[in-house]
file protein_26.txt (compact mmCIF, C-alpha atoms)
# COMPACT_ATOMS: atom_id res chain seq x y z
CA MET A 1 45.82 17.30 37.00
CA MET A 2 43.67 14.86 35.10
CA MET A 3 45.88 14.50 32.08
CA ASN A 4 48.22 16.48 29.93
CA SER A 5 46.23 19.63 29.17
CA LYS A 6 47.35 19.70 25.53
CA GLU A 7 46.20 16.11 25.05
CA PHE A 8 42.89 16.91 26.68
CA LYS A 9 42.30 19.96 24.48
CA LEU A 10 43.19 17.96 21.37
CA ALA A 11 40.80 15.18 22.41
CA VAL A 12 37.97 17.71 22.79
CA GLU A 13 38.72 19.25 19.38
CA ASN A 14 38.74 15.83 17.69
CA LEU A 15 35.49 14.86 19.39
CA SER A 16 33.92 18.15 18.33
CA LYS A 17 34.86 17.60 14.69
CA GLU A 18 33.88 13.93 14.67
CA LYS A 19 30.45 14.44 16.24
CA GLY A 20 29.75 17.94 14.93
CA ILE A 21 29.19 19.23 18.45
CA ASP A 22 30.19 22.69 19.66
CA LYS A 23 33.32 22.53 21.84
CA ASP A 24 31.63 24.57 24.58
CA VAL A 25 28.97 21.86 24.91
CA ILE A 26 31.72 19.29 25.57
CA PHE A 27 33.58 21.56 27.99
CA ASP A 28 30.35 22.28 29.91
CA ALA A 29 29.62 18.56 30.12
CA MET A 30 33.15 17.87 31.36
CA GLU A 31 32.89 20.56 34.05
CA LEU A 32 29.59 19.14 35.27
CA ALA A 33 31.00 15.59 35.27
CA LEU A 34 34.17 16.54 37.12
CA THR A 35 32.19 18.48 39.74
CA SER A 36 30.16 15.34 40.47
CA ALA A 37 33.30 13.20 40.48
CA TYR A 38 35.07 15.45 42.96
CA LYS A 39 32.12 15.56 45.37
CA LYS A 40 31.67 11.80 45.21
CA ASN A 41 35.28 10.71 45.53
CA TYR A 42 36.48 13.34 47.98
CA HIS A 43 33.30 13.49 50.08
CA SER A 44 33.10 17.22 49.63
CA LEU A 45 30.24 19.01 51.36
CA SER A 46 31.36 22.48 50.28
CA ASN A 47 30.48 24.42 47.17
CA VAL A 48 32.86 23.56 44.36
CA ARG A 49 33.26 24.52 40.74
CA VAL A 50 35.44 23.09 38.01
CA ASP A 51 37.14 25.43 35.60
CA ILE A 52 38.52 24.21 32.27
CA ASN A 53 40.62 26.73 30.40
CA ARG A 54 39.21 26.71 26.84
CA GLU A 55 42.54 27.85 25.40
CA THR A 56 45.00 25.56 27.21
CA GLY A 57 42.81 22.66 28.37
CA GLU A 58 44.06 23.11 31.94
CA ILE A 59 41.64 21.88 34.62
CA LYS A 60 41.33 23.37 38.11
CA ILE A 61 38.88 22.77 40.96
CA PHE A 62 37.89 25.57 43.30
CA SER A 63 36.06 25.51 46.61
CA TYR A 64 34.08 28.68 47.19
CA LYS A 65 32.13 30.31 50.01
CA THR A 66 29.45 32.99 49.89
CA VAL A 67 30.09 36.14 51.90
CA VAL A 68 27.40 36.84 54.53
CA PHE A 69 27.14 39.73 57.01
CA SER A 70 27.80 37.70 60.18
CA LYS A 71 27.25 34.36 61.89
CA GLU A 72 24.58 35.91 64.11
CA TYR A 73 22.72 37.62 61.27
CA GLU A 74 19.75 35.27 61.24
CA LYS A 75 19.50 35.07 65.04
CA GLU A 76 19.37 38.85 65.45
CA ASP A 77 17.01 39.78 62.64
CA GLY A 78 15.32 36.56 61.49
CA VAL A 79 16.54 37.28 58.01
CA LEU A 80 15.27 35.07 55.19
CA GLU A 81 17.51 33.92 52.37
CA LYS A 82 16.29 34.21 48.79
CA GLU A 83 16.71 31.33 46.36
CA ILE A 84 15.76 30.83 42.71
CA ILE A 85 14.07 27.49 41.95
CA THR A 86 12.36 26.02 38.89
CA ASP A 87 8.68 25.10 39.28
CA GLU A 88 6.80 22.19 37.63
CA ASP A 89 6.08 24.29 34.53
CA GLY A 90 9.76 25.11 34.04
CA ASN A 91 9.43 28.71 35.25
CA GLU A 92 12.02 30.30 37.55
CA VAL A 93 10.52 31.37 40.87
CA GLU A 94 12.15 33.29 43.72
CA ILE A 95 11.44 31.84 47.16
CA GLU A 96 12.51 32.77 50.67
CA LYS A 97 13.93 30.36 53.22
CA GLU A 98 15.48 30.61 56.65
CA PHE A 99 19.16 31.43 56.70
CA HIS A 100 21.51 29.12 58.62
CA PHE A 101 25.22 29.87 58.73
CA ASP A 102 27.36 26.93 57.55
CA ASP A 103 31.12 27.46 57.56
CA ARG A 104 31.47 24.94 54.72
CA ILE A 105 29.63 27.25 52.33
CA HIS A 106 29.56 30.63 54.13
CA ILE A 107 32.17 33.10 55.31
CA THR A 108 31.53 36.27 57.27
CA LEU A 109 32.23 39.64 55.73
CA GLU A 110 34.80 40.32 58.45
CA ASP A 111 36.79 37.16 57.71
CA ALA A 112 36.43 37.55 53.95
CA ARG A 113 37.88 41.06 53.98
CA LYS A 114 40.97 39.75 55.72
CA GLN A 115 41.63 37.78 52.52
CA VAL A 116 40.07 40.06 49.89
CA PRO A 117 39.82 43.73 50.94
CA GLY A 118 36.68 45.44 49.60
CA ILE A 119 34.69 42.26 49.00
CA GLU A 120 30.94 42.67 49.58
CA VAL A 121 28.09 40.55 50.98
CA GLY A 122 26.73 38.16 48.32
CA GLU A 123 30.06 37.78 46.53
CA THR A 124 32.13 34.61 46.73
CA ILE A 125 35.64 33.87 47.88
CA GLU A 126 37.41 30.79 46.62
CA LYS A 127 40.59 28.74 46.72
CA GLU A 128 41.98 26.01 44.50
CA VAL A 129 41.53 22.47 45.82
CA THR A 130 42.57 20.33 42.82
CA PRO A 131 43.85 16.98 44.22
CA LYS A 132 47.09 15.60 42.81
CA ASP A 133 45.50 12.22 42.02
CA PHE A 134 42.22 13.64 40.73
CA GLY A 135 42.82 12.53 37.14
CA ARG A 136 42.95 8.84 38.03
CA VAL A 137 39.83 8.98 40.22
CA ALA A 138 37.73 11.32 38.09
CA ALA A 139 38.31 9.91 34.61
CA ALA A 140 36.15 6.82 34.98
CA THR A 141 33.38 8.71 36.81
CA ALA A 142 33.33 11.57 34.32
CA LYS A 143 33.27 9.35 31.23
CA GLN A 144 29.70 8.15 31.63
CA VAL A 145 28.32 11.64 32.25
CA VAL A 146 30.25 13.13 29.34
CA VAL A 147 29.03 10.40 26.97
CA GLN A 148 25.46 11.10 28.08
CA LYS A 149 25.85 14.83 27.46
CA ILE A 150 27.34 14.16 24.05
CA ARG A 151 24.38 11.93 23.20
CA GLU A 152 22.01 14.67 24.30
CA ALA A 153 23.84 17.20 22.14
CA GLU A 154 23.75 14.84 19.15
CA ARG A 155 20.01 14.33 19.65
CA GLU A 156 19.54 18.09 19.74
CA ILE A 157 21.46 18.50 16.48
CA ILE A 158 19.38 15.78 14.81
CA ASN A 159 16.15 17.28 16.19
CA ASN A 160 17.09 20.67 14.77
CA GLU A 161 18.00 19.11 11.43
CA PHE A 162 14.70 17.27 10.98
CA SER A 163 12.20 19.38 12.97
CA ASP A 164 11.27 21.43 9.88
CA LYS A 165 11.36 18.54 7.39
CA GLN A 166 7.95 17.07 8.08
CA ASP A 167 5.95 16.89 4.83
CA GLU A 168 9.18 16.97 2.81
CA MET A 169 10.77 14.33 0.57
CA VAL A 170 14.28 13.07 1.31
CA THR A 171 16.57 10.40 -0.11
CA GLY A 172 18.11 7.70 2.05
CA LEU A 173 19.58 4.21 1.96
CA VAL A 174 17.68 1.06 2.90
CA ALA A 175 19.69 -0.09 5.92
CA MET A 176 17.64 -2.80 7.68
CA GLU A 177 14.26 -4.44 7.82
CA ASP A 178 12.16 -6.44 10.24
CA VAL A 179 8.71 -7.99 10.01
CA ARG A 180 6.89 -4.65 9.98
CA ASN A 181 9.35 -1.95 8.91
CA TYR A 182 12.22 -0.87 6.71
CA TYR A 183 14.85 1.33 8.38
CA ILE A 184 16.14 4.09 6.14
CA ASP A 185 19.56 5.65 6.75
CA LEU A 186 19.08 9.44 6.50
CA GLY A 187 22.64 10.39 7.46
CA ARG A 188 22.77 11.29 11.15
CA THR A 189 19.79 9.13 12.00
CA GLN A 190 17.35 6.52 10.67
CA GLY A 191 13.75 6.89 9.60
CA ILE A 192 11.08 4.20 9.82
CA LEU A 193 9.27 3.18 6.64
CA PRO A 194 6.42 0.84 7.65
CA LYS A 195 5.85 -1.93 5.13
CA ASN A 196 2.22 -0.88 4.84
CA GLU A 197 3.46 2.54 3.64
CA ILE A 198 5.33 1.33 0.57
CA ILE A 199 3.69 1.32 -2.86
CA PRO A 200 1.75 -1.94 -3.32
CA GLY A 201 3.70 -4.34 -5.52
CA GLU A 202 7.06 -2.60 -5.32
CA THR A 203 10.23 -4.36 -4.18
CA ILE A 204 12.57 -2.67 -1.70
CA LYS A 205 16.19 -3.83 -1.94
CA MET A 206 18.65 -3.64 0.94
CA GLY A 207 21.38 -1.06 0.38
CA SER A 208 19.47 0.71 -2.39
CA SER A 209 18.83 4.45 -2.56
CA ILE A 210 15.20 5.35 -1.98
CA LYS A 211 13.05 8.48 -2.01
CA VAL A 212 10.68 8.78 0.96
CA TYR A 213 8.18 11.31 2.28
CA ILE A 214 8.42 12.38 5.93
CA THR A 215 4.95 12.13 7.48
CA LYS A 216 5.90 12.75 11.11
CA VAL A 217 8.82 14.00 13.19
CA GLU A 218 8.41 13.43 16.91
CA ASN A 219 11.05 14.18 19.53
CA ASN A 220 11.53 11.78 22.43
CA SER A 221 14.20 10.82 24.95
CA LYS A 222 15.95 8.52 22.47
CA GLY A 223 16.06 11.11 19.70
CA PRO A 224 13.67 11.99 16.87
CA LEU A 225 11.14 9.43 15.66
CA ILE A 226 10.92 9.95 11.89
CA LEU A 227 8.06 8.18 10.14
CA LEU A 228 8.25 7.77 6.37
CA SER A 229 5.89 6.88 3.54
CA ARG A 230 5.77 6.23 -0.18
CA LYS A 231 1.97 5.85 -0.22
CA HIS A 232 1.13 9.35 0.99
CA TYR A 233 -0.34 11.72 -1.61
CA GLY A 234 2.28 14.27 -0.54
CA PHE A 235 4.95 11.98 -1.97
CA VAL A 236 3.51 12.48 -5.46
CA LYS A 237 3.33 16.24 -4.93
CA ARG A 238 7.02 16.40 -3.98
CA LEU A 239 7.96 14.22 -6.98
CA PHE A 240 6.22 16.68 -9.31
CA GLU A 241 8.07 19.56 -7.66
CA LEU A 242 11.34 17.69 -8.18
CA GLU A 243 10.79 16.62 -11.79
CA ILE A 244 8.87 19.63 -13.19
CA PRO A 245 11.03 22.79 -13.13
CA GLU A 246 8.03 25.05 -13.77
CA ILE A 247 6.38 23.76 -10.57
CA ASN A 248 9.55 24.26 -8.56
CA GLU A 249 9.82 27.81 -9.94
CA GLY A 250 6.16 28.63 -9.25
CA VAL A 251 5.18 29.05 -12.92
CA ILE A 252 2.85 26.06 -12.57
CA LEU A 253 0.91 25.60 -9.33
CA ILE A 254 -0.51 22.42 -7.80
CA TYR A 255 -4.11 22.89 -6.66
CA SER A 256 -4.69 19.44 -5.14
CA VAL A 257 -3.65 15.78 -5.22
CA ALA A 258 -5.74 12.65 -4.69
CA ARG A 259 -4.17 9.21 -4.61
CA ASP A 260 -4.95 5.52 -4.44
CA ALA A 261 -1.35 4.29 -4.06
CA GLY A 262 -0.36 1.57 -6.50
CA ASN A 263 -3.42 2.20 -8.64
CA ARG A 264 -4.04 5.81 -9.72
CA THR A 265 -3.22 9.38 -8.76
CA LYS A 266 -5.02 12.53 -9.89
CA ILE A 267 -3.23 15.85 -9.66
CA ALA A 268 -4.77 19.22 -10.52
CA VAL A 269 -2.45 21.90 -11.87
CA TYR A 270 -2.82 25.40 -13.27
CA SER A 271 -0.81 28.45 -14.27
CA GLU A 272 -1.50 32.14 -13.93
CA ASN A 273 0.47 32.65 -17.14
CA ALA A 274 -1.91 32.27 -20.08
CA ASN A 275 0.96 31.24 -22.35
CA VAL A 276 1.80 28.18 -20.26
CA ASP A 277 0.11 24.82 -20.80
CA PRO A 278 0.30 23.32 -17.28
CA VAL A 279 -0.78 19.82 -18.29
CA GLY A 280 1.54 19.64 -21.30
CA ALA A 281 4.50 20.93 -19.29
CA CYS A 282 3.97 18.22 -16.67
CA ILE A 283 3.81 15.50 -19.31
CA GLY A 284 6.94 16.71 -21.11
CA GLU A 285 8.13 15.98 -24.62
CA HIS A 286 7.08 12.43 -25.58
CA GLY A 287 6.04 11.92 -21.93
CA SER A 288 9.63 12.28 -20.69
CA ARG A 289 8.76 14.06 -17.46
CA ILE A 290 5.70 12.14 -16.39
CA ASN A 291 7.35 8.82 -17.26
CA ARG A 292 10.11 9.46 -14.71
CA ILE A 293 7.47 10.02 -12.04
CA ILE A 294 5.50 6.93 -13.08
CA GLU A 295 8.68 4.86 -12.91
CA GLU A 296 9.36 6.09 -9.35
CA LEU A 297 5.76 5.17 -8.45
CA ASN A 298 6.18 1.60 -9.73
CA GLY A 299 3.92 2.08 -12.75
CA GLU A 300 1.07 3.86 -10.95
CA LYS A 301 -1.31 5.60 -13.40
CA ILE A 302 -1.39 9.40 -13.20
CA ASP A 303 -4.14 11.69 -14.46
CA ILE A 304 -2.90 15.28 -14.82
CA VAL A 305 -5.98 17.48 -14.59
CA LYS A 306 -6.27 21.17 -15.40
CA TYR A 307 -7.74 23.10 -12.49
CA GLU A 308 -10.57 25.45 -13.49
CA SER A 309 -12.19 28.15 -11.35
CA ASP A 310 -15.47 27.09 -12.97
CA GLU A 311 -16.40 24.26 -10.61
CA ALA A 312 -18.46 22.29 -13.14
CA ARG A 313 -15.63 22.31 -15.67
CA PHE A 314 -13.13 21.34 -12.98
CA ILE A 315 -15.27 18.37 -11.93
CA GLU A 316 -15.55 17.31 -15.57
CA ASN A 317 -11.77 17.46 -15.96
CA ALA A 318 -11.29 15.53 -12.72
CA LEU A 319 -13.37 12.61 -13.99
CA SER A 320 -10.88 11.92 -16.78
CA PRO A 321 -10.55 9.61 -18.68
CA ALA A 322 -14.37 9.81 -19.03
CA ARG A 323 -15.60 12.26 -21.67
CA ASN A 324 -18.85 13.89 -22.84
CA LEU A 325 -20.07 14.52 -19.29
CA HIS A 326 -22.76 16.93 -18.13
CA VAL A 327 -22.02 18.43 -14.72
CA PHE A 328 -24.55 20.21 -12.50
CA VAL A 329 -23.53 21.85 -9.23
CA THR A 330 -26.63 21.04 -7.17
CA ASP A 331 -25.62 22.63 -3.87
CA GLU A 332 -22.91 25.28 -3.77
CA LYS A 333 -22.72 25.48 0.03
CA LYS A 334 -22.66 21.74 0.64
CA LYS A 335 -20.42 21.29 -2.41
CA GLU A 336 -22.53 18.65 -4.09
CA ALA A 337 -22.66 17.91 -7.81
CA LEU A 338 -24.53 15.63 -10.19
CA VAL A 339 -22.72 14.24 -13.21
CA VAL A 340 -24.70 12.76 -16.09
CA ALA A 341 -22.84 10.36 -18.36
CA SER A 342 -23.75 8.35 -21.43
CA ASP A 343 -23.84 4.58 -21.11
CA GLU A 344 -20.44 4.39 -22.82
CA ASP A 345 -18.77 6.85 -20.41
CA LEU A 346 -20.56 5.83 -17.21
CA SER A 347 -18.17 3.03 -16.27
CA LEU A 348 -15.14 5.22 -17.03
CA ALA A 349 -16.52 8.05 -14.89
CA ILE A 350 -17.18 5.75 -11.95
CA GLY A 351 -14.04 3.64 -12.40
CA LYS A 352 -13.16 0.21 -11.07
CA LYS A 353 -14.71 -0.24 -7.63
CA GLY A 354 -15.81 3.40 -7.84
CA MET A 355 -12.24 4.65 -7.49
CA ASN A 356 -12.27 7.19 -10.34
CA VAL A 357 -15.20 9.13 -8.93
CA LYS A 358 -13.81 8.84 -5.39
CA LEU A 359 -10.49 10.34 -6.46
CA ALA A 360 -12.29 13.07 -8.42
CA ALA A 361 -14.31 13.91 -5.30
CA ARG A 362 -11.14 14.20 -3.20
CA LEU A 363 -9.47 16.29 -5.89
CA THR A 364 -12.34 18.77 -6.26
CA HIS A 365 -13.63 18.61 -2.66
CA PHE A 366 -17.13 17.93 -4.01
CA LYS A 367 -19.56 15.11 -3.31
CA ILE A 368 -20.14 13.71 -6.79
CA ASP A 369 -23.06 11.53 -7.88
CA VAL A 370 -22.81 9.96 -11.33
CA GLU A 371 -25.99 8.93 -13.15
CA THR A 372 -27.06 7.84 -16.62
CA ILE A 373 -29.04 10.06 -18.98
CA GLU A 374 -32.13 7.94 -18.30
CA GLN A 375 -31.76 8.33 -14.52
CA ALA A 376 -31.39 12.09 -14.97
CA LYS A 377 -34.55 12.24 -17.09
CA GLU A 378 -36.49 10.50 -14.32
CA LYS A 379 -35.49 13.42 -12.06
CA GLY A 380 -36.69 15.90 -14.66
CA ILE A 381 -33.22 16.79 -15.96
CA SER A 382 -33.12 16.94 -19.74
CA ILE A 383 -29.85 16.33 -21.53
CA TYR A 384 -29.59 17.39 -25.10
CA GLU A 385 -27.07 15.22 -26.87
CA ASP A 386 -25.26 16.45 -29.99
call {"tool": "encode", "arguments": {"input": "protein_26.txt", "output": "structure tokens"}}
result
Amino acid sequence: MMMNSKEFKLAVENLSKEKGIDKDVIFDAMELALTSAYKKNYHSLSNVRVDINRETGEIKIFSYKTVVFSKEYEKEDGVLEKEIITDEDGNEVEIEKEFHFDDRIHITLEDARKQVPGIEVGETIEKEVTPKDFGRVAAATAKQVVVQKIREAEREIINNEFSDKQDEMVTGLVAMEDVRNYYIDLGRTQGILPKNEIIPGETIKMGSSIKVYITKVENNSKGPLILLSRKHYGFVKRLFELEIPEINEGVILIYSVARDAGNRTKIAVYSENANVDPVGACIGEHGSRINRIIEELNGEKIDIVKYESDEARFIENALSPARNLHVFVTDEKKKEALVVASDEDLSLAIGKKGMNVKLAARLTHFKIDVETIEQAKEKGISIYED
């Protein structure tokens, strides 16, 4: 025996609780490891299987032989043996191969029935071959294989935990950093927050709690690769869902988000309930709700825009803080629009380095050209000012 069976069972139970791995996964790994250890250390060329009693922890090794019709079976009839293999695509395929009697793995039906009356061809007959000193020899060999299987099981658990969390926001702890990245502790694993994905101007402190948006979850041999961001427009969307109960409950809906991280975000919201003011609800009393979001975004400006089914009105709203605009949808199919602004509102509509109109275009999914009243007149468009 390897060890006291009660001690072994207790060790498996403790490992299962500590790592959160199903006990059967550990037992299966142990059986595989001990099979390899037995074959290696006892030069076994026969078929063997290891059996671990899940209730008692007792370990036994059995040598088994497959019952065949006779030693001369293949010589008389040229019979082919069938075997199941796995092809390159992972599919199970049945193949045929020549049968050769080997007394290390085969036993004739005649001899088998002397030991087990009524046994049939294709069944197996076995005997226990557990060595007295197997525990000492097998422990060291089995350890490495078991550890590997446990790592694989842990990776599978982590993969399952994060596979459906792409495009979601999570909270973690800033654990480490190097030249390019911050490493965020997410519990069972770490995520990577590249330094070019933080909000420009913000300071990340080691050991601090931080909200991050999962942009990518990719499984590989070392476990899941989880890429994080605080610059992604989806981060703002998830913050609104977190801070605005009406959005979380579906009373207010987010139509779209456009963001220039560290500078300005535009978010379009609406409600199918005529009694709900979607913009006002997002701002909150005395700006309480929106201020919490702005604080998380390191002071980034946020324009909350009311989505309108009337495209011209929606474009006008999206160009906030500019006012008194005249919007013409010039091509419905190509989604192109012309916006005419007074001299006073032109710079606001375009924004610094053209960012306001760029964000409005992303928000509305329209190509937007902004011109002065004089430029519009030159194209034959008359604007009647109040």
call {"tool": "closest_residue", "arguments": {"input": "protein_26.txt", "among": "A:Lys211, A:Ser63, A:Thr364, A:Asn14", "to": "Ser309 (chain A)", "atoms": "only C-alpha atoms"}}
result
A:Thr364
call {"tool": "residues_around", "arguments": {"input": "protein_26.txt", "residues": "Val146 (chain A)", "least_positions_apart": "2", "cutoff": "8 Å", "atoms": "only C-alpha atoms", "output": "VMD selection string"}}
result
chain A and resid 26 29 to 30 33 142 to 144 148 to 150
call {"tool": "atom_distance", "arguments": {"input": "protein_26.txt", "atom1": "CA of Ala341 (chain A)", "atom2": "CA of Ile373 (chain A)"}}
result
6.2 Å
call {"tool": "closest_atom_pairs", "arguments": {"input": "protein_26.txt", "of": "region 171-207 of chain A", "to": "region 212-227 of chain A", "cutoff": "8 Å", "atoms": "only C-alpha atoms", "output": "JSON lines"}}
result
{"residue": "A:Thr171", "atom": "CA", "partner": "A:Val212", "partner_atom": "CA", "distance": 6.2}
{"residue": "A:Gly172", "atom": "CA", "partner": "A:Val212", "partner_atom": "CA", "distance": 7.6}
{"residue": "A:Gln190", "atom": "CA", "partner": "A:Ile226", "partner_atom": "CA", "distance": 7.4}
{"residue": "A:Gly191", "atom": "CA", "partner": "A:Ile226", "partner_atom": "CA", "distance": 4.8}
{"residue": "A:Ile192", "atom": "CA", "partner": "A:Leu227", "partner_atom": "CA", "distance": 5.0}
{"residue": "A:Leu193", "atom": "CA", "partner": "A:Leu227", "partner_atom": "CA", "distance": 6.2}
{"residue": "A:Pro194", "atom": "CA", "partner": "A:Leu227", "partner_atom": "CA", "distance": 7.9}
call {"tool": "residues_around", "arguments": {"input": "protein_26.txt", "residues": "Val12 (chain A)", "least_positions_apart": "5", "cutoff": "12 Å", "atoms": "all atoms listed in the file", "output": "PyMOL selection string"}}
result
chain A and resi 5-7+17-30+52+54-57+146+150
call {"tool": "residues_around", "arguments": {"input": "protein_26.txt", "residues": "Val329 (chain A)", "least_positions_apart": "5", "cutoff": "10 Å", "atoms": "only C-alpha atoms", "output": "PyMOL selection string"}}
result
chain A and resi 311-312+315+334-339+366-368
call {"tool": "closest_residue", "arguments": {"input": "protein_26.txt", "among": "A:Lys333, A:Lys165, A:Lys205, A:His232", "to": "Ile184 (chain A)", "atoms": "all atoms listed in the file"}}
result
A:Lys205
call {"tool": "closest_residue", "arguments": {"input": "protein_26.txt", "among": "A:Leu45, A:Ile59, A:Ile204, A:Leu242", "to": "Lys9 (chain A)", "atoms": "all atoms listed in the file"}}
result
A:Ile59
call {"tool": "closest_residue", "arguments": {"input": "protein_26.txt", "among": "A:Ile302, A:Ala274, A:Ile157, A:Ile383", "to": "His326 (chain A)", "atoms": "only C-alpha atoms"}}
result
A:Ile383
call {"tool": "build_atoms", "arguments": {"input": "protein_26.txt", "residues": "region 118-129 of chain A", "atoms": "N, CA and C atoms", "output": "compact mmCIF listing (two decimals), in the frame of the given file"}}
result
# COMPACT_ATOMS: atom_id res chain seq x y z
N GLY A 118 37.70 44.84 50.46
CA GLY A 118 36.68 45.44 49.60
C GLY A 118 35.61 44.49 49.12
N ILE A 119 35.71 43.21 49.43
CA ILE A 119 34.69 42.26 49.00
C ILE A 119 33.37 42.58 49.70
N GLU A 120 32.24 42.32 49.04
CA GLU A 120 30.94 42.67 49.58
C GLU A 120 30.09 41.43 49.85
N VAL A 121 29.04 41.63 50.68
CA VAL A 121 28.09 40.55 50.98
C VAL A 121 27.44 40.07 49.67
N GLY A 122 27.32 38.75 49.53
CA GLY A 122 26.73 38.16 48.32
C GLY A 122 27.76 37.70 47.31
N GLU A 123 28.99 38.23 47.41
CA GLU A 123 30.06 37.78 46.53
C GLU A 123 30.65 36.48 47.07
N THR A 124 31.52 35.87 46.29
CA THR A 124 32.13 34.61 46.73
C THR A 124 33.64 34.75 46.85
N ILE A 125 34.20 33.94 47.72
CA ILE A 125 35.64 33.87 47.88
C ILE A 125 36.04 32.42 47.70
N GLU A 126 37.10 32.18 46.96
CA GLU A 126 37.41 30.79 46.62
C GLU A 126 38.91 30.50 46.70
N LYS A 127 39.20 29.18 46.74
CA LYS A 127 40.59 28.74 46.72
C LYS A 127 40.67 27.44 45.92
N GLU A 128 41.82 27.21 45.31
CA GLU A 128 41.98 26.01 44.50
C GLU A 128 42.17 24.79 45.39
N VAL A 129 41.45 23.70 45.03
CA VAL A 129 41.53 22.47 45.82
C VAL A 129 41.77 21.25 44.93
